[in-house]
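What follows is the content of structure_9.txt, which has compact mmCIF, C-alpha atoms:
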# COMPACT_ATOMS: atom_id res chain seq x y z
CA MET A 1 0.00 0.00 0.00
CA THR A 2 1.28 3.44 -0.89
CA MET A 3 -1.07 5.56 1.15
CA ARG A 4 0.19 9.06 1.87
CA TYR A 5 -0.69 10.74 5.18
CA GLU A 6 -0.90 14.53 5.42
CA ARG A 7 -1.72 16.70 8.41
CA PRO A 8 -2.30 20.27 7.15
CA GLU A 9 -2.45 23.06 9.74
CA THR A 10 -4.67 25.46 7.80
CA LEU A 11 -7.91 25.10 5.91
CA ASP A 12 -6.32 26.56 2.78
CA ALA A 13 -3.57 23.93 2.91
CA ALA A 14 -6.20 21.19 3.22
CA ILE A 15 -8.20 22.57 0.30
CA ALA A 16 -5.04 22.73 -1.81
CA LEU A 17 -4.09 19.15 -0.92
CA LEU A 18 -7.52 17.89 -1.96
CA ALA A 19 -7.58 19.98 -5.13
CA ASP A 20 -4.27 18.51 -6.26
CA ALA A 21 -5.03 15.03 -5.06
CA PRO A 22 -5.79 11.90 -6.99
CA THR A 23 -9.40 10.80 -6.77
CA ARG A 24 -8.91 8.27 -4.01
CA THR A 25 -8.64 10.67 -1.09
CA ARG A 26 -10.14 10.35 2.36
CA ILE A 27 -10.58 12.86 5.15
CA LEU A 28 -9.47 11.66 8.59
CA ALA A 29 -11.16 13.23 11.59
CA GLY A 30 -12.13 10.68 14.26
CA GLY A 31 -11.17 7.72 12.10
CA THR A 32 -13.71 5.41 13.73
CA ASP A 33 -15.17 4.45 10.35
CA LEU A 34 -12.12 5.20 8.19
CA LEU A 35 -9.69 2.92 10.02
CA VAL A 36 -12.17 0.06 10.08
CA GLN A 37 -12.67 0.41 6.31
CA LEU A 38 -8.91 0.64 5.73
CA ARG A 39 -8.28 -2.45 7.80
CA ALA A 40 -11.02 -4.42 6.06
CA GLY A 41 -9.64 -3.47 2.65
CA MET A 42 -12.94 -1.78 1.75
CA ILE A 43 -11.03 1.33 0.72
CA GLU A 44 -7.47 1.86 -0.54
CA PRO A 45 -6.95 5.61 -0.52
CA ASP A 46 -3.88 7.18 -2.10
CA LEU A 47 -4.07 10.10 0.30
CA VAL A 48 -5.46 10.53 3.80
CA VAL A 49 -5.82 14.12 4.99
CA ASP A 50 -5.95 14.41 8.79
CA ILE A 51 -7.86 17.64 9.56
CA LYS A 52 -7.33 17.64 13.34
CA ALA A 53 -4.39 20.06 13.25
CA ILE A 54 -6.61 22.76 11.70
CA PRO A 55 -7.79 24.82 14.69
CA GLU A 56 -11.30 25.64 13.41
CA MET A 57 -12.01 21.94 12.80
CA ARG A 58 -11.68 21.39 16.57
CA ALA A 59 -13.82 24.35 17.66
CA ILE A 60 -17.38 24.74 18.93
CA THR A 61 -18.27 28.38 18.21
CA ALA A 62 -21.35 30.40 19.17
CA GLU A 63 -22.83 31.93 16.01
CA ASP A 64 -26.12 33.80 15.43
CA GLY A 65 -27.68 32.31 18.55
CA GLY A 66 -26.70 28.78 17.49
CA PHE A 67 -23.48 26.80 17.40
CA ARG A 68 -21.03 25.88 14.67
CA ILE A 69 -19.46 22.49 15.38
CA GLY A 70 -16.12 21.84 13.67
CA ALA A 71 -15.80 18.67 11.63
CA ALA A 72 -13.22 17.16 13.99
CA VAL A 73 -15.05 17.85 17.29
CA ALA A 74 -15.35 14.49 19.08
CA GLY A 75 -18.64 13.21 20.50
CA ALA A 76 -17.27 13.41 24.04
CA GLU A 77 -16.31 17.07 23.51
CA LEU A 78 -19.84 17.86 22.35
CA SER A 79 -21.38 16.09 25.36
CA GLU A 80 -19.16 18.13 27.66
CA HIS A 81 -20.38 21.43 26.19
CA PRO A 82 -23.24 22.57 28.47
CA GLU A 83 -24.56 25.32 26.16
CA VAL A 84 -24.93 23.08 23.11
CA LYS A 85 -26.56 20.46 25.30
CA LYS A 86 -28.99 23.05 26.64
CA LEU A 87 -29.95 24.35 23.19
CA TRP A 88 -30.13 20.99 21.33
CA PRO A 89 -30.30 18.17 23.91
CA GLY A 90 -31.72 15.71 21.39
CA VAL A 91 -28.82 16.24 19.01
CA VAL A 92 -26.25 15.79 21.77
CA GLU A 93 -28.00 12.63 22.99
CA ALA A 94 -28.08 11.25 19.46
CA VAL A 95 -24.34 11.86 19.01
CA ASP A 96 -23.73 10.23 22.39
CA LEU A 97 -25.36 7.03 21.10
CA ILE A 98 -22.59 6.53 18.52
CA GLY A 99 -20.50 3.65 19.79
CA SER A 100 -18.73 3.16 23.11
CA THR A 101 -16.87 5.51 25.43
CA GLN A 102 -13.74 4.78 23.38
CA ILE A 103 -15.54 5.63 20.14
CA GLN A 104 -16.95 8.81 21.71
CA GLY A 105 -13.38 9.96 22.34
CA ARG A 106 -12.86 10.18 18.57
CA CYS A 107 -16.11 9.98 16.56
CA THR A 108 -17.55 13.15 15.01
CA MET A 109 -21.00 14.32 13.88
CA VAL A 110 -19.69 15.21 10.46
CA GLY A 111 -18.04 11.81 10.09
CA ASN A 112 -21.26 10.11 11.14
CA LEU A 113 -23.02 12.08 8.40
CA CYS A 114 -20.42 11.64 5.67
CA ASN A 115 -20.08 7.90 6.31
CA ALA A 116 -23.57 8.01 4.78
CA SER A 117 -25.12 5.09 6.60
CA PRO A 118 -28.93 5.13 6.52
CA ALA A 119 -28.84 4.16 10.22
CA ALA A 120 -26.43 6.85 11.50
CA ASP A 121 -27.75 7.97 14.88
CA SER A 122 -26.86 11.64 14.81
CA VAL A 123 -28.33 12.32 11.36
CA PRO A 124 -32.12 12.22 12.03
CA ALA A 125 -31.52 14.46 15.05
CA MET A 126 -29.52 16.94 12.94
CA ILE A 127 -32.23 16.86 10.27
CA ALA A 128 -34.89 17.56 12.92
CA ALA A 129 -32.73 20.43 14.18
CA GLY A 130 -32.59 22.03 10.75
CA ALA A 131 -28.82 21.75 10.77
CA ALA A 132 -26.72 22.60 7.72
CA VAL A 133 -23.15 21.70 6.83
CA ARG A 134 -20.50 24.00 5.40
CA ILE A 135 -18.59 22.48 2.50
CA VAL A 136 -15.29 23.75 1.06
CA GLY A 137 -13.69 22.76 -2.18
CA PRO A 138 -11.83 23.97 -5.24
CA SER A 139 -14.70 26.23 -6.29
CA GLY A 140 -15.28 27.85 -2.91
CA THR A 141 -17.62 27.43 0.03
CA ARG A 142 -21.23 26.29 0.04
CA GLU A 143 -23.86 25.36 2.61
CA LEU A 144 -26.13 22.33 2.39
CA PRO A 145 -29.00 21.18 4.62
CA VAL A 146 -28.09 17.93 6.39
CA GLU A 147 -30.96 16.05 4.73
CA GLU A 148 -29.39 16.72 1.31
CA VAL A 149 -25.92 15.39 2.13
CA VAL A 150 -26.53 11.63 1.95
CA THR A 151 -27.69 10.58 -1.51
CA ALA A 152 -27.52 6.78 -1.18
CA PRO A 153 -25.94 4.27 1.24
CA GLY A 154 -22.25 5.23 1.37
CA GLN A 155 -22.75 8.11 -1.10
CA THR A 156 -22.82 11.85 -0.47
CA ALA A 157 -23.48 15.00 -2.45
CA LEU A 158 -19.83 16.05 -2.04
CA GLY A 159 -18.00 16.69 -5.30
CA ASP A 160 -14.34 16.02 -6.14
CA GLY A 161 -12.04 17.85 -3.77
CA GLU A 162 -14.87 18.90 -1.48
CA PHE A 163 -15.16 18.18 2.22
CA VAL A 164 -17.34 19.26 5.14
CA THR A 165 -15.71 21.66 7.58
CA SER A 166 -18.51 22.15 10.10
CA VAL A 167 -22.16 21.63 10.92
CA PHE A 168 -24.31 24.51 12.14
CA LEU A 169 -27.02 24.03 14.75
CA PRO A 170 -29.31 27.07 14.47
CA ALA A 171 -30.81 29.31 17.14
CA ARG A 172 -34.30 28.50 18.37
CA SER A 173 -37.20 30.24 20.04
CA GLY A 174 -37.61 30.15 23.80
CA ARG A 175 -40.22 27.39 24.01
CA SER A 176 -38.55 24.74 21.93
CA GLY A 177 -37.38 21.21 22.49
CA ASP A 178 -35.91 18.30 20.60
CA ALA A 179 -35.35 14.60 21.16
CA TYR A 180 -33.92 11.56 19.41
CA LEU A 181 -34.86 7.95 20.11
CA ARG A 182 -33.61 4.80 18.48
CA PHE A 183 -34.73 1.23 18.76
CA ILE A 184 -32.14 -1.49 19.23
CA PRO A 185 -32.79 -5.01 20.58
CA ARG A 186 -30.18 -4.58 23.33
CA THR A 187 -29.35 -1.76 25.72
CA GLU A 188 -26.16 -0.42 24.15
CA MET A 189 -23.57 -0.92 21.39
CA ASP A 190 -25.86 -1.60 18.46
CA ILE A 191 -26.99 -0.17 15.14
CA ALA A 192 -30.40 1.50 15.00
CA VAL A 193 -33.26 -0.65 13.69
CA VAL A 194 -35.14 2.65 13.52
CA GLY A 195 -34.16 6.14 14.68
CA ALA A 196 -36.45 9.16 15.06
CA GLY A 197 -35.58 12.80 15.75
CA VAL A 198 -38.21 15.44 16.48
CA SER A 199 -37.90 19.16 17.14
CA VAL A 200 -40.84 21.40 18.08
CA SER A 201 -41.38 25.07 18.87
CA LEU A 202 -44.45 26.16 20.85
CA ASP A 203 -46.12 29.53 21.38
CA GLU A 204 -47.10 30.85 24.80
CA SER A 205 -50.34 28.86 24.82
CA GLY A 206 -48.46 25.63 24.08
CA THR A 207 -49.56 25.45 20.46
CA CYS A 208 -46.95 24.10 18.06
CA THR A 209 -45.73 26.77 15.66
CA ALA A 210 -42.97 24.81 13.93
CA ALA A 211 -41.77 21.23 13.85
CA ARG A 212 -39.28 19.04 12.03
CA VAL A 213 -39.09 15.25 11.99
CA GLY A 214 -36.15 13.11 10.83
CA LEU A 215 -36.13 9.33 10.46
CA GLY A 216 -33.21 6.92 10.16
CA ALA A 217 -32.81 3.29 9.08
CA VAL A 218 -36.19 3.21 7.29
CA ALA A 219 -35.01 4.10 3.78
CA ALA A 220 -31.84 4.25 1.69
CA THR A 221 -31.02 7.62 3.24
CA PRO A 222 -32.00 9.41 6.45
CA LEU A 223 -35.28 11.22 5.79
CA LEU A 224 -36.81 14.59 6.50
CA VAL A 225 -40.55 13.94 6.95
CA PRO A 226 -42.51 17.15 6.34
CA ASN A 227 -45.91 15.41 6.56
CA ALA A 228 -45.14 14.15 10.05
CA ALA A 229 -44.07 17.63 11.15
CA ALA A 230 -47.20 19.17 9.59
CA ALA A 231 -49.33 16.89 11.79
CA LEU A 232 -48.03 18.77 14.84
CA VAL A 233 -48.16 22.38 13.67
CA GLY A 234 -51.21 24.23 14.96
CA THR A 235 -51.92 21.59 17.62
CA ARG A 236 -50.99 21.29 21.27
CA VAL A 237 -49.11 18.09 20.38
CA ASP A 238 -51.97 16.11 21.89
CA GLU A 239 -52.94 12.47 21.38
CA GLN A 240 -54.71 13.09 18.08
CA ALA A 241 -51.83 15.07 16.63
CA LEU A 242 -49.37 12.44 17.81
CA ALA A 243 -51.41 9.71 16.14
CA ARG A 244 -51.34 11.63 12.85
CA LEU A 245 -47.60 12.18 13.26
CA GLY A 246 -47.08 8.45 13.80
CA SER A 247 -49.13 7.54 10.73
CA ALA A 248 -47.26 10.05 8.59
CA ALA A 249 -43.92 8.74 9.84
CA SER A 250 -44.84 5.14 9.07
CA ALA A 251 -46.22 6.11 5.66
CA VAL A 252 -42.88 7.43 4.45
CA CYS A 253 -40.88 4.33 5.39
CA ARG A 254 -39.24 2.29 2.63
CA PRO A 255 -36.98 0.08 4.74
CA ILE A 256 -34.95 -2.98 3.92
CA ASP A 257 -35.96 -6.39 5.24
CA ASP A 258 -33.07 -7.88 7.19
CA LYS A 259 -32.14 -9.83 10.30
CA ARG A 260 -32.44 -6.75 12.48
CA GLY A 261 -35.97 -5.88 11.44
CA THR A 262 -38.57 -6.73 8.83
CA ILE A 263 -40.15 -4.09 6.61
CA GLU A 264 -43.41 -4.35 8.53
CA TYR A 265 -41.67 -4.09 11.90
CA ARG A 266 -39.48 -1.09 11.01
CA THR A 267 -42.48 0.70 9.51
CA LYS A 268 -44.54 0.27 12.66
CA VAL A 269 -41.71 1.11 15.04
CA ALA A 270 -40.94 4.32 13.11
CA GLY A 271 -44.41 5.65 13.96
CA VAL A 272 -44.13 4.65 17.61
CA LEU A 273 -40.66 6.15 18.06
CA ALA A 274 -41.61 9.38 16.29
CA LYS A 275 -44.52 9.79 18.71
CA ARG A 276 -42.40 9.09 21.77
CA ALA A 277 -39.68 11.48 20.58
CA ALA A 278 -42.33 14.15 19.93
CA ILE A 279 -43.64 13.78 23.49
CA ILE A 280 -40.14 14.28 24.93
CA ALA A 281 -39.53 17.26 22.60
CA ARG A 282 -42.88 18.80 23.60
CA ASP A 283 -42.23 18.30 27.31
CA ARG A 284 -38.78 19.83 26.97
CA ALA A 285 -40.29 22.82 25.18
CA ASN A 286 -42.73 23.17 28.09
CA GLY A 287 -39.84 23.08 30.53
CA ILE A 288 -40.77 19.65 31.85
CA ALA A 289 -37.60 17.72 32.55
CA ALA A 290 -37.46 14.66 30.35
CA THR A 291 -35.19 11.78 31.11
CA GLY A 292 -34.40 11.65 27.43
CA GLY A 293 -33.64 8.82 25.12
CA ALA A 294 -29.94 8.31 25.59
CA HIS A 295 -29.03 4.60 25.72
CA MET B 296 6.95 5.38 0.62
CA ALA B 297 9.10 6.89 3.33
CA LYS B 298 8.21 6.12 6.89
CA ILE B 299 6.79 8.89 9.04
CA HIS B 300 8.85 10.17 11.94
CA VAL B 301 6.73 10.74 15.04
CA THR B 302 7.63 12.36 18.36
CA THR B 303 5.21 11.74 21.19
CA GLU B 304 5.02 11.20 24.94
CA ILE B 305 4.16 7.77 26.29
CA ASN B 306 3.64 7.24 30.01
CA GLY B 307 5.54 10.44 30.72
CA ASP B 308 8.58 9.68 28.56
CA GLU B 309 9.38 11.35 25.26
CA VAL B 310 9.37 8.69 22.56
CA GLU B 311 10.31 8.81 18.88
CA PHE B 312 9.37 6.19 16.34
CA LEU B 313 9.07 5.57 12.62
CA CYS B 314 5.84 4.17 11.24
CA GLU B 315 4.14 3.38 7.95
CA PRO B 316 1.35 5.82 6.99
CA ASP B 317 -1.28 3.10 7.42
CA GLN B 318 0.16 1.58 10.61
CA THR B 319 -2.12 1.85 13.63
CA LEU B 320 -1.04 3.21 16.99
CA LEU B 321 -1.75 -0.25 18.41
CA ASP B 322 0.68 -1.87 15.97
CA VAL B 323 3.27 0.80 16.74
CA LEU B 324 2.93 0.25 20.49
CA ARG B 325 3.15 -3.51 20.20
CA ASP B 326 5.49 -4.09 17.27
CA GLU B 327 7.81 -1.07 17.30
CA LEU B 328 7.89 -0.06 20.97
CA ASN B 329 7.44 -3.47 22.63
CA LEU B 330 4.56 -2.15 24.72
CA THR B 331 2.51 -5.33 24.40
CA GLY B 332 0.13 -4.69 27.30
CA SER B 333 -2.44 -3.20 24.93
CA LYS B 334 -4.06 -6.17 23.21
CA GLU B 335 -5.53 -6.66 19.78
CA GLY B 336 -8.91 -8.32 20.06
CA CYS B 337 -11.03 -7.23 17.11
CA ALA B 338 -8.96 -4.52 15.36
CA SER B 339 -12.22 -2.73 14.58
CA GLY B 340 -12.98 -0.71 17.72
CA ASP B 341 -15.56 -3.14 19.11
CA CYS B 342 -13.77 -4.90 21.97
CA GLY B 343 -11.76 -2.25 23.82
CA ALA B 344 -8.78 -4.53 24.52
CA CYS B 345 -6.48 -1.87 23.03
CA SER B 346 -7.85 0.99 25.15
CA VAL B 347 -5.30 3.75 25.76
CA MET B 348 -5.47 7.41 26.67
CA VAL B 349 -4.52 9.95 24.00
CA ASP B 350 -4.43 13.52 25.34
CA ASP B 351 -6.61 12.43 28.27
CA ARG B 352 -9.24 10.80 26.04
CA LEU B 353 -10.03 7.11 26.19
CA VAL B 354 -9.68 5.66 22.68
CA CYS B 355 -9.10 2.36 20.91
CA ALA B 356 -5.48 2.33 19.73
CA CYS B 357 -6.55 0.15 16.79
CA LEU B 358 -8.59 3.08 15.44
CA VAL B 359 -5.76 5.62 15.64
CA LEU B 360 -2.94 5.88 13.12
CA GLY B 361 0.55 5.91 14.53
CA ALA B 362 1.14 9.12 12.60
CA GLU B 363 -1.68 10.79 14.54
CA ALA B 364 0.31 10.36 17.76
CA GLU B 365 2.61 13.26 16.77
CA SER B 366 2.88 15.77 19.66
CA THR B 367 0.28 13.95 21.77
CA SER B 368 0.51 12.50 25.26
CA ILE B 369 -0.32 8.80 25.47
CA GLU B 370 -0.95 6.64 28.52
CA THR B 371 -0.97 2.86 28.29
CA ILE B 372 -1.44 0.04 30.79
CA GLU B 373 2.35 -0.07 31.21
CA GLY B 374 2.16 3.31 32.96
CA MET B 375 -0.58 2.35 35.38
CA ALA B 376 1.37 0.76 38.24
CA ASP B 377 3.87 2.91 40.11
CA GLY B 378 6.94 0.68 39.88
CA GLU B 379 6.10 -2.42 41.93
CA GLU B 380 3.09 -0.68 43.48
CA LEU B 381 -0.12 -1.68 41.73
CA HIS B 382 -2.79 0.89 40.97
CA PRO B 383 -5.79 0.38 43.30
CA LEU B 384 -7.83 -0.88 40.34
CA GLN B 385 -5.20 -3.50 39.53
CA GLN B 386 -5.18 -4.62 43.17
CA LYS B 387 -8.98 -4.86 43.29
CA PHE B 388 -9.12 -6.80 40.03
CA LEU B 389 -6.88 -9.38 41.70
CA GLU B 390 -8.89 -9.43 44.94
CA HIS B 391 -12.21 -9.80 43.12
CA ALA B 392 -10.83 -12.29 40.58
CA ALA B 393 -12.08 -9.92 37.91
CA LEU B 394 -10.19 -11.72 35.18
CA GLN B 395 -9.65 -15.16 33.81
CA CYS B 396 -7.74 -15.29 30.53
CA GLY B 397 -6.63 -11.67 30.95
CA VAL B 398 -6.73 -10.47 27.36
CA CYS B 399 -9.40 -7.87 28.07
CA THR B 400 -7.92 -6.82 31.42
CA PRO B 401 -5.51 -4.06 30.33
CA GLY B 402 -8.30 -2.40 28.37
CA PHE B 403 -10.73 -2.65 31.26
CA LEU B 404 -8.17 -1.20 33.66
CA VAL B 405 -7.31 1.76 31.42
CA ALA B 406 -11.01 2.43 30.76
CA ALA B 407 -12.00 2.10 34.43
CA LYS B 408 -9.18 4.43 35.49
CA ALA B 409 -10.45 7.01 33.01
CA LEU B 410 -13.94 6.71 34.48
CA LEU B 411 -12.84 7.12 38.10
CA GLU B 412 -10.74 10.17 37.22
CA LYS B 413 -13.81 11.76 35.64
CA ASN B 414 -16.39 10.45 38.11
CA PRO B 415 -15.08 9.22 41.49
CA ASP B 416 -18.55 8.11 42.59
CA PRO B 417 -20.22 6.32 39.67
CA SER B 418 -23.39 4.29 40.00
CA GLU B 419 -23.30 0.68 38.89
CA THR B 420 -25.31 1.67 35.80
CA GLU B 421 -22.76 4.37 34.96
CA VAL B 422 -19.90 1.88 35.32
CA ARG B 423 -21.66 -0.64 33.08
CA TYR B 424 -22.39 1.92 30.36
CA TRP B 425 -18.89 3.40 30.54
CA LEU B 426 -17.39 -0.07 30.12
CA ALA B 427 -19.86 -1.19 27.44
CA GLY B 428 -17.10 -0.86 24.84
CA ASN B 429 -14.89 -3.36 26.66
CA LEU B 430 -15.77 -6.97 25.97
CA CYS B 431 -14.93 -9.88 28.27
CA ARG B 432 -15.80 -13.41 27.25
CA CYS B 433 -14.75 -15.04 30.54
CA THR B 434 -16.06 -13.34 33.62
CA GLY B 435 -19.65 -12.38 32.83
CA TYR B 436 -18.67 -8.83 33.88
CA ASP B 437 -20.06 -8.92 37.46
CA LYS B 438 -16.68 -9.35 39.09
CA ILE B 439 -15.23 -6.55 36.98
CA ILE B 440 -18.06 -4.21 37.91
CA ARG B 441 -17.69 -5.10 41.59
CA ALA B 442 -13.95 -4.50 41.44
CA VAL B 443 -14.46 -1.05 39.91
CA MET B 444 -17.19 -0.11 42.39
CA ASP B 445 -15.06 -1.31 45.31
CA THR B 446 -12.03 0.63 44.04
CA ALA B 447 -14.13 3.77 43.70
CA ALA B 448 -15.38 3.41 47.28
CA ASP B 449 -11.84 2.84 48.58
CA MET B 450 -10.40 5.75 46.65
CA ARG B 451 -13.12 8.02 48.03
CA GLY B 452 -11.94 6.90 51.46
CA SER B 453 -15.26 5.39 52.52

Here is the file; what I need is its structure written in the form of structure tokens.
Amino acid sequence: MTMRYERPETLDAAIALLADAPTRTRILAGGTDLLVQLRAGMIEPDLVVDIKAIPEMRAITAEDGGFRIGAAVAGAELSEHPEVKKLWPGVVEAVDLIGSTQIQGRCTMVGNLCNASPAADSVPAMIAAGAAVRIVGPSGTRELPVEEVVTAPGQTALGDGEFVTSVFLPARSGRSGDAYLRFIPRTEMDIAVVGAGVSVSLDESGTCTAARVGLGAVAATPLLVPNAAAALVGTRVDEQALARLGSAASAVCRPIDDKRGTIEYRTKVAGVLAKRAAIIARDRANGIAATGGAH
Amino acid sequence: MAKIHVTTEINGDEVEFLCEPDQTLLDVLRDELNLTGSKEGCASGDCGACSVMVDDRLVCACLVLGAEAESTSIETIEGMADGEELHPLQQKFLEHAALQCGVCTPGFLVAAKALLEKNPDPSETEVRYWLAGNLCRCTGYDKIIRAVMDTAADMRGS
């Protein structure tokens, strides 16, 4: 193997490396997917660009009432950031579900997204949050909503020489809450059979003014489900609205049939999990402490 | 392809080594530096037998490139005992018979030490979740959990 390893210290140097690079290039941030794929011979990159020496890749920065999370910020670093956790608890809990303590020491949100697994835990939560990634490349910088990044299992919308530098979690109104739940047949260390992220904003009377719903592991890519969100808007997120949300979530599912869950099972569970996540998000928006879905 | 020259700190000592670009930190520790306490179980980040600390973060050395160790501070199981004096966790693992074949033990010890430094008074549930990335096929875990809980109580002085 003739893999080259580079560790640029500036974003411009990284962009230049990728622009000049042969096609088989990989970005190394946490490495928790990359090294497994290298070891298994699934990939044979000519160049690996380690972005951890670029200061802004390691930073969590307050921006416009939200937070910009650098592409190399580890899961454990995100969980230890009280302000991000306060603003987007569901997103932080979803990231915390990626792997073990050891994996948390390295894994990143952006890596979880760009690995492009339909079952990635952090992605439905980021979709529900209305998060967007910043992409740099030879032709400049662009922003893309998280739900548009994954185009197929293992495939992203990134072009040649492009890579994601950060993900932005936006500001939110005072009475807002989010949550992410996944179903796995054990208590820890497993891949989601279904994952559901929900974010809601309420007005002073408790009526839902805005909502977003993301689903994972029920289609070839993580999904934004506008019909499920629409079932909540204008309601007090009551039983009837939750039932409509659940039906809309199940209706959009196009899952695979495998040993971890049948099509019928995943479709049903998606509705149930979306409802449960919506209840936690609603209660959080109302200032009712929720135990949350982590683990 | 030329080897990469890396300068790092391991268990408090400055260390230099040469590694291939695709060589993992685990392979460097074991094959280049003769630090064979960190074990290779799965080589895919599932079993935790290669747990080490890199810049005070618990990680699997099999999922880190040797080249990434440049200018970091690494702690391995070899740095846990103080000379002949065992770390309290090591002593409790012996007292509780928290090991049989021993392959997982260095990883469990490094991971448990990281937990107790972060949280000196963990609940049993917290210990079990923290150690969920360390697999043991011998003990059934109970003795390991008891050893960690007992160490935590002792170290708190209760």

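With distances restricted to all atoms listed in the file, B:Ala362 is the closest residue to chain A from B:Ala362, B:Leu411, B:Ala442, B:Leu321.
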
Arg175 (chain A) surroundings by only C-alpha atoms, 7 Å radius, close-in-sequence under 4 positions cut, as JSON, numbers by chain: {"A": [201, 202, 203, 285, 286]}

May I have the protein, DNA and RNA residues with an atom at most 12 Å from (-50.5, 12.9, 21.5), counting only C-alpha atoms in the file's coordinates, returned as a VMD selection string? chain A and resid 231 to 232 235 to 246 272 274 to 283

Nearest to Thr446 (chain B), chosen from B:Glu363, B:Asp317, B:Glu421, B:Asp416, with all atoms listed in the file counted in the distances: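 Nearest to Thr446 (chain B): B:Asp416.
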
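Across the model, the gap from CA of Tyr180 (chain A) to CA of Val84 (chain A) is 15.1 Å.
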
B:Leu426, B:Leu384, B:Ala356, B:Ala406 ranked by distance to Asp445 (chain B), top pick (using only C-alpha atoms): B:Leu384

In terms of the shortest atom-to-atom distance over all atoms listed in the file, which of A:Gly271, A:Gly105, A:Pro55, A:Pro170 is closest to Arg182 (chain A)?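 Counting all atoms listed in the file, the residue closest to Arg182 (chain A) is A:Gly271.
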
Nearest to chain B: which of A:Asp160, A:Asp64, A:Asp258, A:Asp96 is it, counting all atoms listed in the file?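 Among A:Asp160, A:Asp64, A:Asp258, A:Asp96, it is A:Asp96 that comes nearest to chain B.
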